[in-house]
>>> print(open('structure-v7.cif').read())   # mmCIF, C-alpha atoms
data_data
#
loop_
_atom_site.label_atom_id
_atom_site.label_comp_id
_atom_site.auth_asym_id
_atom_site.auth_seq_id
_atom_site.Cartn_x
_atom_site.Cartn_y
_atom_site.Cartn_z
CA MET A 858 46.07 -247.79 3.55
CA ALA A 859 44.78 -251.27 4.44
CA GLU A 860 41.07 -251.52 5.00
CA LYS A 861 40.15 -251.89 8.66
CA LYS A 862 38.74 -255.32 9.43
CA THR A 863 35.14 -255.31 10.66
CA LYS A 864 33.31 -258.23 12.21
CA VAL A 865 30.91 -258.48 9.26
CA SER A 866 33.64 -258.26 6.60
CA VAL A 867 35.70 -260.95 8.34
CA LEU A 868 32.66 -263.22 8.62
CA LEU A 869 31.64 -262.77 4.98
CA ASN A 870 35.16 -262.94 3.56
CA GLY A 871 35.20 -266.74 3.38
CA LEU A 872 31.88 -266.89 1.56
CA LEU A 873 32.83 -264.81 -1.49
CA ASN A 874 36.11 -262.89 -1.70
CA GLU A 875 38.29 -265.68 -0.32
CA ASN A 876 36.08 -268.74 -0.60
CA PRO A 877 38.52 -271.57 0.23
CA THR A 878 37.28 -273.88 -2.52
CA PHE A 879 36.09 -271.69 -5.38
CA ARG A 880 38.54 -268.78 -5.02
CA LEU A 881 41.65 -269.99 -3.17
CA LEU A 882 41.45 -273.61 -4.41
CA LEU A 883 42.50 -274.98 -1.03
CA GLY A 884 41.46 -278.34 0.40
CA MET A 885 41.07 -279.89 -3.05
CA CYS A 886 41.60 -283.45 -1.82
CA PRO A 887 38.40 -283.69 0.29
CA SER A 888 36.58 -281.37 -2.13
CA LEU A 889 36.97 -283.98 -4.88
CA ALA A 890 37.17 -287.22 -2.91
CA VAL A 891 34.19 -287.05 -0.55
CA THR A 892 31.68 -285.11 -2.65
CA THR A 893 29.98 -288.06 -4.34
CA MET A 894 26.94 -287.25 -2.15
CA ALA A 895 25.64 -283.96 -0.80
CA LYS A 896 25.48 -285.21 2.78
CA ASN A 897 29.16 -286.17 2.64
CA GLY A 898 30.02 -282.60 1.69
CA LEU A 899 27.85 -281.29 4.51
CA GLY A 900 29.46 -283.64 7.03
CA MET A 901 33.00 -282.87 5.90
CA GLY A 902 32.31 -279.15 5.93
CA ALA A 903 30.85 -279.25 9.43
CA ALA A 904 33.85 -281.19 10.73
CA ALA A 905 36.32 -278.79 9.11
CA THR A 906 34.39 -275.79 10.47
CA PHE A 907 34.57 -277.18 14.01
CA VAL A 908 38.34 -277.57 13.70
CA LEU A 909 38.74 -274.16 12.07
CA VAL A 910 36.83 -272.31 14.78
CA GLY A 911 38.44 -274.19 17.67
CA SER A 912 42.02 -273.95 16.37
CA ASN A 913 41.66 -270.29 15.37
CA LEU A 914 40.42 -269.45 18.86
CA VAL A 915 43.19 -271.29 20.71
CA ILE A 916 45.95 -270.07 18.38
CA SER A 917 44.82 -266.46 18.73
CA LEU A 918 44.98 -266.86 22.52
CA ILE A 919 48.47 -268.42 22.63
CA ARG A 920 50.06 -266.51 19.72
CA LYS A 921 51.99 -264.13 21.98
CA ILE A 922 53.45 -266.80 24.27
CA VAL A 923 54.51 -269.40 21.69
CA PRO A 924 58.15 -268.92 20.61
CA ASP A 925 58.53 -268.34 16.89
CA LYS A 926 60.87 -271.35 16.51
CA VAL A 927 58.16 -273.79 17.60
CA ARG A 928 55.18 -271.90 16.17
CA ILE A 929 54.35 -274.38 13.41
CA PRO A 930 54.62 -277.55 15.57
CA ALA A 931 52.51 -275.86 18.26
CA TYR A 932 49.82 -274.90 15.75
CA ILE A 933 49.75 -278.39 14.25
CA THR A 934 49.37 -279.86 17.74
CA VAL A 935 46.37 -277.60 18.42
CA ILE A 936 44.79 -278.50 15.07
CA ALA A 937 45.43 -282.23 15.67
CA GLY A 938 43.72 -281.97 19.06
CA PHE A 939 40.53 -280.52 17.60
CA THR A 940 40.65 -283.01 14.72
CA THR A 941 40.77 -285.88 17.23
CA ILE A 942 37.81 -284.39 19.11
CA VAL A 943 35.67 -284.07 15.99
CA GLN A 944 36.60 -287.59 14.84
CA MET A 945 35.55 -289.08 18.19
CA LEU A 946 32.29 -287.08 18.19
CA MET A 947 31.41 -288.21 14.68
CA ALA A 948 32.27 -291.84 15.46
CA ALA A 949 29.97 -291.69 18.49
CA PHE A 950 27.00 -289.73 17.11
CA LEU A 951 27.26 -289.90 13.29
CA PRO A 952 28.77 -293.34 12.58
CA GLU A 953 27.34 -293.61 9.06
CA ILE A 954 28.82 -290.30 7.87
CA ASN A 955 32.04 -291.05 9.75
CA LYS A 956 32.32 -294.34 7.83
CA GLN A 957 31.61 -292.60 4.50
CA LEU A 958 34.26 -289.93 5.08
CA GLY A 959 36.78 -292.46 6.38
CA ILE A 960 40.41 -291.35 6.32
CA PHE A 961 39.51 -287.79 5.31
CA ILE A 962 38.39 -286.89 8.85
CA PRO A 963 41.82 -287.47 10.46
CA LEU A 964 43.40 -285.83 7.40
CA ILE A 965 41.76 -282.54 8.42
CA VAL A 966 44.89 -282.01 10.50
CA VAL A 967 46.87 -281.39 7.29
CA ASN A 968 44.11 -279.52 5.46
CA CYS A 969 45.62 -276.43 3.82
CA ILE A 970 42.62 -274.30 4.79
CA ILE A 971 43.04 -274.92 8.52
CA PHE A 972 46.75 -274.18 8.66
CA ALA A 973 46.49 -271.23 6.26
CA ARG A 974 43.96 -269.47 8.50
CA ALA A 975 46.06 -270.21 11.59
CA GLU A 976 49.20 -268.78 9.97
CA MET A 977 47.65 -265.90 8.03
CA PHE A 978 44.87 -264.75 10.35
CA ALA A 979 44.64 -266.25 13.84
CA GLN A 980 48.26 -265.50 14.77
CA LYS A 981 47.75 -261.83 13.84
CA ASN A 982 44.30 -261.12 15.30
CA GLY A 983 42.34 -261.39 18.54
CA PRO A 984 40.02 -264.23 19.59
CA LEU A 985 36.73 -262.72 18.39
CA LEU A 986 37.88 -261.92 14.87
CA SER A 987 39.66 -265.28 14.67
CA VAL A 988 36.48 -267.14 15.61
CA LEU A 989 34.48 -265.14 13.04
CA ASP A 990 37.12 -265.90 10.42
CA GLY A 991 36.86 -269.61 11.25
CA ILE A 992 33.07 -269.53 10.97
CA GLY A 993 33.17 -267.63 7.67
CA MET A 994 35.85 -269.81 6.08
CA GLY A 995 34.18 -272.97 7.38
CA ALA A 996 30.79 -271.88 6.04
CA GLY A 997 32.31 -271.03 2.65
CA PHE A 998 34.02 -274.43 2.48
CA THR A 999 30.85 -276.26 3.62
CA ILE A 1000 28.61 -274.50 1.11
CA ALA A 1001 31.08 -275.06 -1.73
CA ILE A 1002 31.61 -278.80 -1.23
CA THR A 1003 27.90 -279.35 -0.51
CA ILE A 1004 27.10 -277.72 -3.86
CA ILE A 1005 29.71 -279.90 -5.59
CA GLY A 1006 28.30 -282.99 -3.86
CA SER A 1007 24.73 -282.03 -4.78
CA VAL A 1008 25.52 -281.58 -8.47
CA ARG A 1009 27.47 -284.84 -8.64
CA GLU A 1010 24.82 -286.81 -6.73
CA ILE A 1011 21.91 -285.49 -8.79
CA LEU A 1012 23.62 -286.03 -12.15
CA GLY A 1013 25.39 -289.26 -11.22
CA ALA A 1014 22.90 -291.07 -8.99
CA GLY A 1015 19.60 -289.25 -9.54
CA THR A 1016 19.23 -288.52 -5.83
CA TRP A 1017 19.82 -285.64 -3.41
CA MET A 1018 20.61 -286.41 0.22
CA GLY A 1019 19.64 -289.98 -0.69
CA ILE A 1020 16.16 -288.93 -1.90
CA PRO A 1021 15.28 -289.77 -5.55
CA VAL A 1022 14.76 -286.53 -7.52
CA THR A 1023 15.27 -287.38 -11.20
CA VAL A 1024 12.81 -290.26 -11.61
CA ASN A 1025 11.34 -290.13 -15.15
CA LEU A 1026 13.40 -287.00 -15.93
CA PHE A 1027 16.71 -288.38 -17.16
CA GLU A 1028 19.00 -291.35 -16.78
CA PRO A 1029 21.81 -290.58 -14.29
CA ALA A 1030 25.36 -290.63 -15.68
CA VAL A 1031 27.54 -292.68 -13.35
CA MET A 1032 30.60 -290.74 -14.56
CA PHE A 1033 29.67 -287.82 -12.29
CA ILE A 1034 30.20 -289.83 -9.11
CA LEU A 1035 33.54 -291.11 -10.39
CA PRO A 1036 36.83 -289.13 -10.20
CA PRO A 1037 36.59 -287.69 -13.77
CA GLY A 1038 33.13 -286.33 -12.97
CA GLY A 1039 34.48 -284.73 -9.81
CA PHE A 1040 37.14 -282.81 -11.74
CA LEU A 1041 34.61 -281.79 -14.41
CA VAL A 1042 32.01 -280.49 -11.94
CA MET A 1043 34.69 -278.78 -9.85
CA GLY A 1044 36.16 -276.97 -12.85
CA LEU A 1045 32.78 -275.79 -14.13
CA LEU A 1046 31.67 -274.53 -10.71
CA VAL A 1047 34.96 -272.71 -10.10
CA ALA A 1048 34.65 -271.01 -13.50
CA LEU A 1049 31.02 -270.06 -12.85
CA PHE A 1050 31.75 -268.72 -9.34
CA ASN A 1051 34.68 -266.61 -10.50
CA HIS A 1052 32.72 -265.28 -13.49
CA LEU A 1053 29.81 -264.20 -11.29
CA THR A 1054 31.98 -262.61 -8.60
CA LYS A 1055 34.11 -260.81 -11.20
CA LYS A 1056 30.99 -259.36 -12.86
CA LYS A 1057 29.70 -258.20 -9.48
CA LYS A 1058 32.99 -256.45 -8.63
CA GLU A 1059 33.23 -254.82 -12.04
CA GLY A 1060 29.64 -253.61 -11.73
CA ASN A 1061 30.38 -252.07 -8.33
CA GLY A 1062 33.70 -250.62 -9.50
CA LEU A 1063 35.45 -252.30 -6.59
CA GLU A 1064 38.27 -254.08 -8.34
CA CYS A 1065 40.18 -253.85 -11.58
CA GLU A 1066 41.21 -256.84 -13.67
CA SER A 1067 44.47 -257.26 -11.80
CA GLY A 1068 42.49 -257.83 -8.62
CA CYS A 1069 44.56 -255.43 -6.55
CA GLY A 1070 41.77 -253.11 -5.47
CA VAL A 1071 40.83 -249.43 -5.65
CA GLY A 1072 43.56 -246.81 -5.58
CA CYS A 1073 46.55 -248.83 -6.78
CA PRO A 1074 48.58 -247.71 -9.84
CA GLY A 1075 47.28 -250.63 -11.91
CA CYS A 1076 43.64 -249.76 -11.22
CA SER A 1077 44.28 -246.06 -11.88
CA LYS A 1078 45.91 -246.95 -15.16
CA ALA A 1079 43.00 -249.19 -16.16
CA ALA A 1080 40.51 -246.49 -15.23
CA ASN A 1081 42.35 -243.95 -17.42
CA GLY A 1082 42.31 -246.18 -20.46
CA GLY A 1083 45.87 -247.41 -20.06
CA GLU A 1084 47.52 -244.13 -19.06
CA ALA A 1085 49.06 -243.84 -15.61
#
>>> encode(input="structure-v7.cif", output="structure tokens")
Amino acid sequence: MAEKKTKVSVLLNGLLNENPTFRLLLGMCPSLAVTTMAKNGLGMGAAATFVLVGSNLVISLIRKIVPDKVRIPAYITVIAGFTTIVQMLMAAFLPEINKQLGIFIPLIVVNCIIFARAEMFAQKNGPLLSVLDGIGMGAGFTIAITIIGSVREILGAGTWMGIPVTVNLFEPAVMFILPPGGFLVMGLLVALFNHLTKKKKEGNGLECESGCGVGCPGCSKAANGGEA
């Protein structure tokens, strides 16, 4: 039996169990390209969260009246509308961050995270749960890319949010703010996140190695030492 969705579980899902960046590995392009500074990650995450929440809400409201044949074009149109709104708002009120993020703001419209949540969640659930899902997934994405940006900025430039933090501690390695450094930091953080979450689940007895959950044949077999 599928576990009943609760407001809290939906909200927290994007932070740990299905973190878009560290667990699902979605939205890798902005996660690697814009995270040379922590504030870029924060700005990109906030923009994506705005689009996620807005598009999830609208899609959950129109899901029953949109014909299946035009579902995908309709969803993309909704997402493009919110992307245009957030781009105009950032250009007006946050021009510096908007300039730093550049082409990656309009590219939110094709971000895998946004469309995945529209297709997998918003079209199957009501407005409230869809909004909470958007907030949770957006928060998970924002936190993840801000962490990546923070690590790269501190190690590669010796600053955090533009503030010097490593003076007289060590010489920054420029490699970390270049593409190879992005892949290196990303890989290490993904490995660390998955190691920590796996240990937590194993400690709570919530999930077997196959990741399928309590009660399935695979978990029962693992619990019985390999015997079904």
>>> residues_around(input="structure-v7.cif", residues="A:Ala1014", least_positions_apart="4", cutoff="12 Å", atoms="only C-alpha atoms", output="PyMOL selection string")
chain A and resi 893-895+1006-1010+1018-1024+1027-1035+1038
>>> atom_distance(input="structure-v7.cif", atom1="atom CA of A:Arg920", atom2="atom CA of A:Asn874")
25.8 Å
>>> atom_distance(input="structure-v7.cif", atom1="atom CA of A:Phe978", atom2="atom CA of A:Met1043")
26.6 Å
>>> resolve_selection(input="structure-v7.cif", expression="the PyMOL selection byres ((chain A and resi 916) around 9)", output="MDAnalysis selection string")
chainID A and resid 911:915 917:920 931:932 935 975 979:980 984 987
>>> residues_around(input="structure-v7.cif", residues="A:Leu873", least_positions_apart="3", cutoff="8 Å", atoms="only C-alpha atoms", output="PDB file with C-alpha atoms, in the coordinates of the input")
ATOM      1  CA  LEU A 869      31.640-262.770   4.980  1.00  0.00           C
ATOM      2  CA  ASN A 870      35.160-262.940   3.560  1.00  0.00           C
ATOM      3  CA  ASN A 876      36.080-268.740  -0.600  1.00  0.00           C
ATOM      4  CA  ARG A 880      38.540-268.780  -5.020  1.00  0.00           C
ATOM      5  CA  GLY A 997      32.310-271.030   2.650  1.00  0.00           C
ATOM      6  CA  THR A1054      31.980-262.610  -8.600  1.00  0.00           C
TER       7      THR A1054
END
>>> closest_residue(input="structure-v7.cif", among="A:Gly898, A:Pro877, A:Gly884, A:Pro963", to="A:Trp1017", atoms="only C-alpha atoms")
A:Gly898
>>> closest_atom_pairs(input="structure-v7.cif", of="stretch 876-923 of chain A", to="stretch 940-960 of chain A", cutoff="12 Å", atoms="all atoms listed in the file", output="tab-separated table")
residue	atom	partner	partner_atom	distance
A:Cys886	CA	A:Ile960	CA	11.4
A:Pro887	CA	A:Leu958	CA	8.9
A:Ser888	CA	A:Leu958	CA	11.4
A:Leu889	CA	A:Leu958	CA	11.9
A:Ala890	CA	A:Leu958	CA	8.9
A:Val891	CA	A:Leu958	CA	6.3
A:Thr892	CA	A:Leu958	CA	9.5
A:Thr893	CA	A:Gln957	CA	10.1
A:Met894	CA	A:Gln957	CA	9.7
A:Ala895	CA	A:Ile954	CA	11.2
A:Lys896	CA	A:Ile954	CA	7.9
A:Asn897	CA	A:Ile954	CA	6.7
A:Gly898	CA	A:Leu958	CA	9.1
A:Leu899	CA	A:Ile954	CA	9.7
A:Gly900	CA	A:Ile954	CA	6.7
A:Met901	CA	A:Leu958	CA	7.2
A:Gly902	CA	A:Leu958	CA	11.0
A:Ala903	CA	A:Val943	CA	9.5
A:Ala904	CA	A:Val943	CA	6.3
A:Ala905	CA	A:Thr940	CA	8.2
A:Thr906	CA	A:Val943	CA	10.0
A:Phe907	CA	A:Val943	CA	7.3
A:Val908	CA	A:Thr940	CA	6.0
A:Leu909	CA	A:Thr940	CA	9.4
A:Val910	CA	A:Thr940	CA	11.4
A:Gly911	CA	A:Thr940	CA	9.6
A:Ser912	CA	A:Thr940	CA	9.3
>>> atom_distance(input="structure-v7.cif", atom1="atom CA of A:Ile1004", atom2="atom CA of A:Leu872")
13.0 Å
>>> closest_residue(input="structure-v7.cif", among="A:Ile933, A:Gly995, A:Pro1036, A:Val927", to="A:Phe972", atoms="all atoms listed in the file")
A:Ile933
>>> resolve_selection(input="structure-v7.cif", expression="the PyMOL selection byres ((chain A and resi 993) around 6)", output="short mmCIF file (atom, residue, chain, number, x, y, z; two decimals) with C-alpha atoms, in the frame of the given file")
data_model
loop_
_atom_site.label_atom_id
_atom_site.label_comp_id
_atom_site.auth_asym_id
_atom_site.auth_seq_id
_atom_site.Cartn_x
_atom_site.Cartn_y
_atom_site.Cartn_z
CA LEU A 868 32.66 -263.22 8.62
CA LEU A 869 31.64 -262.77 4.98
CA GLY A 871 35.20 -266.74 3.38
CA ASP A 990 37.12 -265.90 10.42
CA GLY A 991 36.86 -269.61 11.25
CA ILE A 992 33.07 -269.53 10.97
CA MET A 994 35.85 -269.81 6.08
CA GLY A 995 34.18 -272.97 7.38
CA ALA A 996 30.79 -271.88 6.04
#
>>> residues_around(input="structure-v7.cif", residues="stretch 862-864 of chain A", least_positions_apart="2", cutoff="9 Å", atoms="only C-alpha atoms", output="JSON, numbers by chain")
{"A": [859, 860, 866, 867, 868, 869, 985, 986, 989, 990]}
>>> closest_residue(input="structure-v7.cif", among="A:Asn968, A:Val923, A:Arg928, A:Phe879", to="A:Leu1049", atoms="all atoms listed in the file")
A:Phe879
